[in-house]
Amino acid sequence: MARMDPADIQQAFLDAGALLTGHFALSSGLHSDRYLEKFRLIERPAALEPMCADIADRFADSGVEYVLGPTTAGIILAYNVARYLGVVARFAEPAANGRTLRRGQTMPAGARVLIVDDILTTGLSVRECMDIVARGGGDLVGVAILGDRSGGKALPGVRLESLLTVEFATYAPEACPLCIAGVPLTKPGTRSAS
Ligand SMILES: [Zn+2]
């Protein structure tokens, strides 16, 4: 386990193609000049594993017993961070209301839990994981994120460790300077097949 230099973290995002600059239509309907494509990192062990080791190092003295991550990318993150910490992973899967543990996974009351996720925007999936911890009487140690788009504001009152914090300029389409300048618009992550 070792901390990464912040400049190396940003360079790893760029090298993987996970941090893009251009003109993007976000799922919120807003336009932005930057975009985080998390799966460019999740699919690259050589880029992702040092980041998981960094997260593990930040929580090495926190008595973590379980690393909990939401599907899909959170499974990979939880597994790898748990591997570095020498503990076990738990997977938060979609349920009728929020998320739940399935496949015989449990966490006892009092369990010390670290939540990991890829990108923090609204914090919804992390809060759904926090609900699992709270329902089970667990003890939330903190939350670790690869890329924080929320400016650290999505999860007040929680120990939040983000490897990369990205400030996104976002615009309503009718007031977007990139549209006005005629820059071609990209719609990343279009759900064409799922
Ligand atoms: Zn635009």
# chains A, B, ... in the order shown; residues from 1 in each chain; ligands from 1

$ residues_around --residues "Gly136 of chain A" --least-positions-apart "4" --cutoff "9 Å" --atoms "only C-alpha atoms" --output "list of chain:residue names"
A:Thr106, A:Met107, A:Pro108, A:Ala109, A:Gly110, A:Ala111, A:Asp131, A:Ile132

$ write_last_selection --atoms "C-alpha atoms" --output "PDB file, in the first residue's frame"
ATOM      1  CA  THR A 106     -24.106 -10.181   5.550  1.00  0.00           C
ATOM      2  CA  MET A 107     -22.453  -7.699   7.894  1.00  0.00           C
ATOM      3  CA  PRO A 108     -22.902  -8.013  11.657  1.00  0.00           C
ATOM      4  CA  ALA A 109     -24.018  -5.151  13.870  1.00  0.00           C
ATOM      5  CA  GLY A 110     -21.030  -3.056  14.846  1.00  0.00           C
ATOM      6  CA  ALA A 111     -19.061  -3.974  11.737  1.00  0.00           C
ATOM      7  CA  ASP A 131     -28.390   2.973   4.292  1.00  0.00           C
ATOM      8  CA  ILE A 132     -27.260  -0.673   4.190  1.00  0.00           C
TER       9      ILE A 132
END

$ residues_near_ligand --ligand "ligand 1" --cutoff "10 Å" --atoms "only C-alpha atoms and all ligand atoms" --output "CSV table (one decimal) with N, CA and C atoms, in the first residue's frame"
chain,number,residue,atom,x,y,z
A,22,GLY,N,-13.9,18.6,-23.7
A,22,GLY,CA,-14.6,18.8,-24.9
A,22,GLY,C,-15.9,19.5,-24.7
A,23,HIS,N,-17.0,18.9,-25.2
A,23,HIS,CA,-18.3,19.5,-25.1
A,23,HIS,C,-19.3,18.3,-25.0
A,24,PHE,N,-19.8,18.1,-23.8
A,24,PHE,CA,-20.5,16.9,-23.4
A,24,PHE,C,-22.0,17.2,-22.9
A,25,ALA,N,-22.9,16.3,-23.4
A,25,ALA,CA,-24.3,16.4,-22.8
A,25,ALA,C,-24.3,15.4,-21.7
A,26,LEU,N,-24.5,15.9,-20.5
A,26,LEU,CA,-24.5,15.1,-19.3
A,26,LEU,C,-25.9,14.4,-19.1
A,29,GLY,N,-28.9,16.5,-18.3
A,29,GLY,CA,-29.4,17.5,-19.3
A,29,GLY,C,-28.5,18.7,-19.5
A,30,LEU,N,-27.6,18.9,-18.6
A,30,LEU,CA,-26.7,20.1,-18.7
A,30,LEU,C,-25.6,19.7,-19.6
A,31,HIS,N,-24.9,20.7,-20.1
A,31,HIS,CA,-23.7,20.6,-20.9
A,31,HIS,C,-22.5,20.9,-20.1
A,32,SER,N,-21.4,20.3,-20.4
A,32,SER,CA,-20.1,20.5,-19.7
A,32,SER,C,-18.9,20.5,-20.6
A,33,ASP,N,-17.8,21.0,-20.1
A,33,ASP,CA,-16.6,21.0,-20.9
A,33,ASP,C,-15.7,19.8,-20.5
A,170,THR,N,-20.7,23.5,-15.8
A,170,THR,CA,-21.9,23.0,-16.4
A,170,THR,C,-22.8,24.2,-16.8
A,171,TYR,N,-23.4,23.9,-17.9
A,171,TYR,CA,-24.3,25.0,-18.5
A,171,TYR,C,-25.6,24.4,-18.9
A,172,ALA,N,-26.7,25.2,-18.7
A,172,ALA,CA,-27.9,24.9,-19.4
A,172,ALA,C,-27.7,25.0,-20.9
A,173,PRO,N,-28.3,24.1,-21.7
A,173,PRO,CA,-28.0,24.1,-23.1
A,173,PRO,C,-28.2,25.4,-23.8
A,174,GLU,N,-29.3,26.1,-23.4
A,174,GLU,CA,-29.6,27.4,-24.0
A,174,GLU,C,-28.6,28.5,-23.7
A,175,ALA,N,-27.8,28.3,-22.6
A,175,ALA,CA,-26.8,29.3,-22.2
A,175,ALA,C,-25.4,28.7,-22.4
A,176,CYS,N,-25.2,27.7,-23.1
A,176,CYS,CA,-23.9,27.0,-23.2
A,176,CYS,C,-23.0,27.7,-24.1
A,177,PRO,N,-21.8,28.2,-23.6
A,177,PRO,CA,-20.9,28.9,-24.5
A,177,PRO,C,-20.3,28.0,-25.6
A,178,LEU,N,-20.2,26.7,-25.3
A,178,LEU,CA,-19.7,25.8,-26.3
A,178,LEU,C,-20.6,25.6,-27.5
A,179,CYS,N,-22.0,25.5,-27.1
A,179,CYS,CA,-23.0,25.5,-28.2
A,179,CYS,C,-22.9,26.8,-29.0
A,180,ILE,N,-22.8,27.9,-28.3
A,180,ILE,CA,-22.8,29.2,-29.0
A,180,ILE,C,-21.6,29.3,-30.0
A,181,ALA,N,-20.4,28.6,-29.5
A,181,ALA,CA,-19.2,28.6,-30.3
A,181,ALA,C,-19.3,27.6,-31.4
A,182,GLY,N,-20.3,26.7,-31.4
A,182,GLY,CA,-20.4,25.7,-32.5
A,182,GLY,C,-19.6,24.5,-32.3
A,183,VAL,N,-19.1,24.3,-31.1
A,183,VAL,CA,-18.3,23.1,-30.8
A,183,VAL,C,-19.2,21.8,-30.9
A,184,PRO,N,-18.8,20.8,-31.6
A,184,PRO,CA,-19.7,19.6,-31.7
A,184,PRO,C,-20.0,19.0,-30.3
A,185,LEU,N,-21.2,18.5,-30.1
A,185,LEU,CA,-21.7,18.0,-28.9
A,185,LEU,C,-21.5,16.5,-28.8
A,186,THR,N,-20.9,16.0,-27.8
A,186,THR,CA,-20.8,14.5,-27.6
A,186,THR,C,-21.7,14.1,-26.5

$ closest_residue --among "A:Val126, A:Ala12, A:Val87, A:Ala169" --to "Thr71 of chain A" --atoms "only C-alpha atoms"
A:Val126

$ closest_residue --among "A:Glu65, A:Asp148, A:Glu128, A:Glu161" --to "Tyr35 of chain A" --atoms "only C-alpha atoms"
A:Asp148

$ closest_residue --among "A:Ala73, A:Cys129, A:Ala144, A:Ala60" --to "Asn97 of chain A" --atoms "only C-alpha atoms"
A:Cys129

$ closest_atom_pairs --of "segment 70-136 of chain A" --to "segment 52-58 of chain A" --cutoff "7 Å" --atoms "only C-alpha atoms" --output "tab-separated table"
residue	atom	partner	partner_atom	distance
A:Leu77	CA	A:Cys52	CA	6.8
A:Asn80	CA	A:Cys52	CA	6.1
A:Val81	CA	A:Cys52	CA	5.1
A:Tyr84	CA	A:Ala56	CA	6.1
A:Leu85	CA	A:Ala56	CA	5.8

$ select_by_dssp --residues "chain A" --states "alpha helix (DSSP H)" --output "NGL selection string"
:A and (6-16 or 39-42 or 45-58 or 73-85 or 124-135 or 177-180)

$ atom_distance --atom1 "atom CA of Gly98 of chain A" --atom2 "atom CA of Gly137 of chain A"
17.1 Å

$ closest_residue --among "A:Leu163, A:Thr122, A:Gly74, A:Gly142" --to "Arg3 of chain A" --atoms "only C-alpha atoms"
A:Leu163

$ residues_around --residues "segment 39-45 of chain A" --least-positions-apart "3" --cutoff "10 Å" --atoms "only C-alpha atoms" --output "PyMOL selection string"
chain A and resi 12-19+36+48-52+72-74+76-77+80+118+146+189

$ write_last_selection --atoms "C-alpha atoms" --output "PDB file, in the first residue's frame"
ATOM      1  CA  ALA A  12      -3.416   8.213 -14.810  1.00  0.00           C
ATOM      2  CA  PHE A  13      -6.956   9.467 -15.447  1.00  0.00           C
ATOM      3  CA  LEU A  14      -5.770  11.295 -18.559  1.00  0.00           C
ATOM      4  CA  ASP A  15      -3.636   8.405 -19.847  1.00  0.00           C
ATOM      5  CA  ALA A  16      -6.537   5.968 -19.483  1.00  0.00           C
ATOM      6  CA  GLY A  17      -8.906   8.299 -21.308  1.00  0.00           C
ATOM      7  CA  ALA A  18     -11.037   8.593 -18.154  1.00  0.00           C
ATOM      8  CA  LEU A  19     -10.863  12.391 -17.946  1.00  0.00           C
ATOM      9  CA  LEU A  36     -15.263  11.409 -16.408  1.00  0.00           C
ATOM     10  CA  LEU A  48      -6.677   1.051 -11.089  1.00  0.00           C
ATOM     11  CA  GLU A  49      -4.735  -1.131  -8.673  1.00  0.00           C
ATOM     12  CA  PRO A  50      -2.334   1.594  -7.474  1.00  0.00           C
ATOM     13  CA  MET A  51      -5.425   3.720  -6.790  1.00  0.00           C
ATOM     14  CA  CYS A  52      -6.979   0.910  -4.745  1.00  0.00           C
ATOM     15  CA  THR A  72     -21.099  -2.376 -11.142  1.00  0.00           C
ATOM     16  CA  ALA A  73     -17.700  -0.748 -10.825  1.00  0.00           C
ATOM     17  CA  GLY A  74     -17.962  -0.638  -7.033  1.00  0.00           C
ATOM     18  CA  ILE A  76     -14.238  -4.253  -8.542  1.00  0.00           C
ATOM     19  CA  LEU A  77     -13.140  -1.424  -6.275  1.00  0.00           C
ATOM     20  CA  ASN A  80      -9.366  -4.737  -4.673  1.00  0.00           C
ATOM     21  CA  ASP A 118     -15.964   5.324  -8.622  1.00  0.00           C
ATOM     22  CA  LEU A 146     -11.862   7.746  -7.386  1.00  0.00           C
ATOM     23  CA  GLY A 189     -22.286   6.794 -22.107  1.00  0.00           C
TER      24      GLY A 189
END

$ closest_residue --among "A:Arg34, A:Ala46, A:Pro188, A:Pro94" --to "Arg149 of chain A" --atoms "only C-alpha atoms"
A:Arg34

$ select_by_dssp --residues "segment 55-138 of chain A" --states "strand (DSSP E or B)" --output "list in words"
Tyr66, Val67, Leu68, Gly69, Pro70, Val88, Ala89, Arg90, Phe91, Ala92, Glu93, Pro94, Arg99, Thr100, Leu101, Arg112, Val113, Leu114, Ile115, Val116, Asp117, Asp118, Ile119 and Leu120 of chain A

$ closest_residue --among "A:Val158, A:Pro6, A:Val166, A:Asp117" --to "Thr21 of chain A" --atoms "only C-alpha atoms"
A:Val166

$ decode --residues "segment 6-117 of chain A" --atoms "C-alpha atoms" --output "CSV table (one decimal), in the first residue's frame"
chain,number,residue,atom,x,y,z
A,6,PRO,CA,-1.8,13.7,-6.8
A,7,ALA,CA,-0.2,14.7,-10.2
A,8,ASP,CA,0.3,11.0,-11.0
A,9,ILE,CA,-3.4,10.3,-10.2
A,10,GLN,CA,-4.5,13.0,-12.6
A,11,GLN,CA,-2.1,11.8,-15.2
A,12,ALA,CA,-3.4,8.2,-14.8
A,13,PHE,CA,-7.0,9.5,-15.4
A,14,LEU,CA,-5.8,11.3,-18.6
A,15,ASP,CA,-3.6,8.4,-19.8
A,16,ALA,CA,-6.5,6.0,-19.5
A,17,GLY,CA,-8.9,8.3,-21.3
A,18,ALA,CA,-11.0,8.6,-18.2
A,19,LEU,CA,-10.9,12.4,-17.9
A,20,LEU,CA,-12.0,14.0,-21.2
A,21,THR,CA,-12.1,17.6,-22.3
A,22,GLY,CA,-14.6,18.8,-24.9
A,23,HIS,CA,-18.3,19.5,-25.1
A,24,PHE,CA,-20.5,16.9,-23.4
A,25,ALA,CA,-24.3,16.4,-22.8
A,26,LEU,CA,-24.5,15.1,-19.3
A,27,SER,CA,-27.3,12.7,-18.1
A,28,SER,CA,-28.6,15.6,-16.1
A,29,GLY,CA,-29.4,17.5,-19.3
A,30,LEU,CA,-26.7,20.1,-18.7
A,31,HIS,CA,-23.7,20.6,-20.9
A,32,SER,CA,-20.1,20.5,-19.7
A,33,ASP,CA,-16.6,21.0,-20.9
A,34,ARG,CA,-15.3,17.9,-19.0
A,35,TYR,CA,-16.4,14.3,-18.6
A,36,LEU,CA,-15.3,11.4,-16.4
A,37,GLU,CA,-15.6,8.0,-18.2
A,38,LYS,CA,-14.9,5.8,-15.2
A,39,PHE,CA,-14.8,2.5,-17.1
A,40,ARG,CA,-11.6,3.6,-18.9
A,41,LEU,CA,-10.0,3.2,-15.4
A,42,ILE,CA,-12.0,0.2,-14.1
A,43,GLU,CA,-11.0,-1.8,-17.2
A,44,ARG,CA,-7.3,-1.1,-16.6
A,45,PRO,CA,-5.7,-3.0,-13.7
A,46,ALA,CA,-2.4,-1.3,-14.1
A,47,ALA,CA,-4.0,2.1,-13.6
A,48,LEU,CA,-6.7,1.1,-11.1
A,49,GLU,CA,-4.7,-1.1,-8.7
A,50,PRO,CA,-2.3,1.6,-7.5
A,51,MET,CA,-5.4,3.7,-6.8
A,52,CYS,CA,-7.0,0.9,-4.7
A,53,ALA,CA,-3.7,0.6,-2.8
A,54,ASP,CA,-3.8,4.3,-2.2
A,55,ILE,CA,-7.3,4.1,-0.8
A,56,ALA,CA,-6.3,1.1,1.4
A,57,ASP,CA,-3.4,3.1,2.7
A,58,ARG,CA,-5.6,6.0,3.7
A,59,PHE,CA,-7.8,3.7,5.8
A,60,ALA,CA,-5.0,1.3,6.9
A,61,ASP,CA,-5.3,2.3,10.6
A,62,SER,CA,-9.1,2.6,10.7
A,63,GLY,CA,-9.9,-0.9,11.7
A,64,VAL,CA,-11.9,-1.6,8.5
A,65,GLU,CA,-13.6,-5.0,8.5
A,66,TYR,CA,-15.7,-4.8,5.3
A,67,VAL,CA,-15.3,-2.8,2.1
A,68,LEU,CA,-18.7,-2.2,0.5
A,69,GLY,CA,-19.2,-1.1,-3.1
A,70,PRO,CA,-22.2,-0.5,-5.3
A,71,THR,CA,-22.6,-2.4,-8.6
A,72,THR,CA,-21.1,-2.4,-11.1
A,73,ALA,CA,-17.7,-0.7,-10.8
A,74,GLY,CA,-18.0,-0.6,-7.0
A,75,ILE,CA,-17.7,-4.4,-6.9
A,76,ILE,CA,-14.2,-4.3,-8.5
A,77,LEU,CA,-13.1,-1.4,-6.3
A,78,ALA,CA,-14.4,-3.1,-3.1
A,79,TYR,CA,-12.7,-6.4,-4.0
A,80,ASN,CA,-9.4,-4.7,-4.7
A,81,VAL,CA,-9.4,-2.4,-1.7
A,82,ALA,CA,-10.4,-5.3,0.5
A,83,ARG,CA,-7.5,-7.3,-0.9
A,84,TYR,CA,-5.0,-4.6,0.1
A,85,LEU,CA,-6.6,-4.3,3.6
A,86,GLY,CA,-6.7,-8.0,4.1
A,87,VAL,CA,-10.5,-8.0,4.8
A,88,VAL,CA,-13.5,-9.0,2.8
A,89,ALA,CA,-15.7,-7.2,0.3
A,90,ARG,CA,-19.5,-6.7,0.2
A,91,PHE,CA,-21.5,-5.8,-2.9
A,92,ALA,CA,-24.5,-3.4,-2.8
A,93,GLU,CA,-26.9,-4.5,-5.4
A,94,PRO,CA,-30.0,-2.7,-6.7
A,95,ALA,CA,-33.2,-3.4,-4.8
A,96,ALA,CA,-36.8,-2.1,-5.0
A,97,ASN,CA,-35.9,0.8,-2.7
A,98,GLY,CA,-32.2,1.6,-2.9
A,99,ARG,CA,-29.7,-1.2,-2.5
A,100,THR,CA,-29.2,-4.4,-0.6
A,101,LEU,CA,-26.8,-7.3,0.1
A,102,ARG,CA,-27.6,-10.5,-1.8
A,103,ARG,CA,-26.0,-13.9,-2.4
A,104,GLY,CA,-25.7,-14.7,1.2
A,105,GLN,CA,-23.6,-11.6,2.1
A,106,THR,CA,-24.1,-10.2,5.6
A,107,MET,CA,-22.5,-7.7,7.9
A,108,PRO,CA,-22.9,-8.0,11.7
A,109,ALA,CA,-24.0,-5.2,13.9
A,110,GLY,CA,-21.0,-3.1,14.8
A,111,ALA,CA,-19.1,-4.0,11.7
A,112,ARG,CA,-16.6,-1.3,10.7
A,113,VAL,CA,-17.4,-0.6,7.0
A,114,LEU,CA,-15.5,1.4,4.3
A,115,ILE,CA,-17.6,2.4,1.3
A,116,VAL,CA,-15.9,2.7,-2.1
A,117,ASP,CA,-17.3,4.0,-5.3
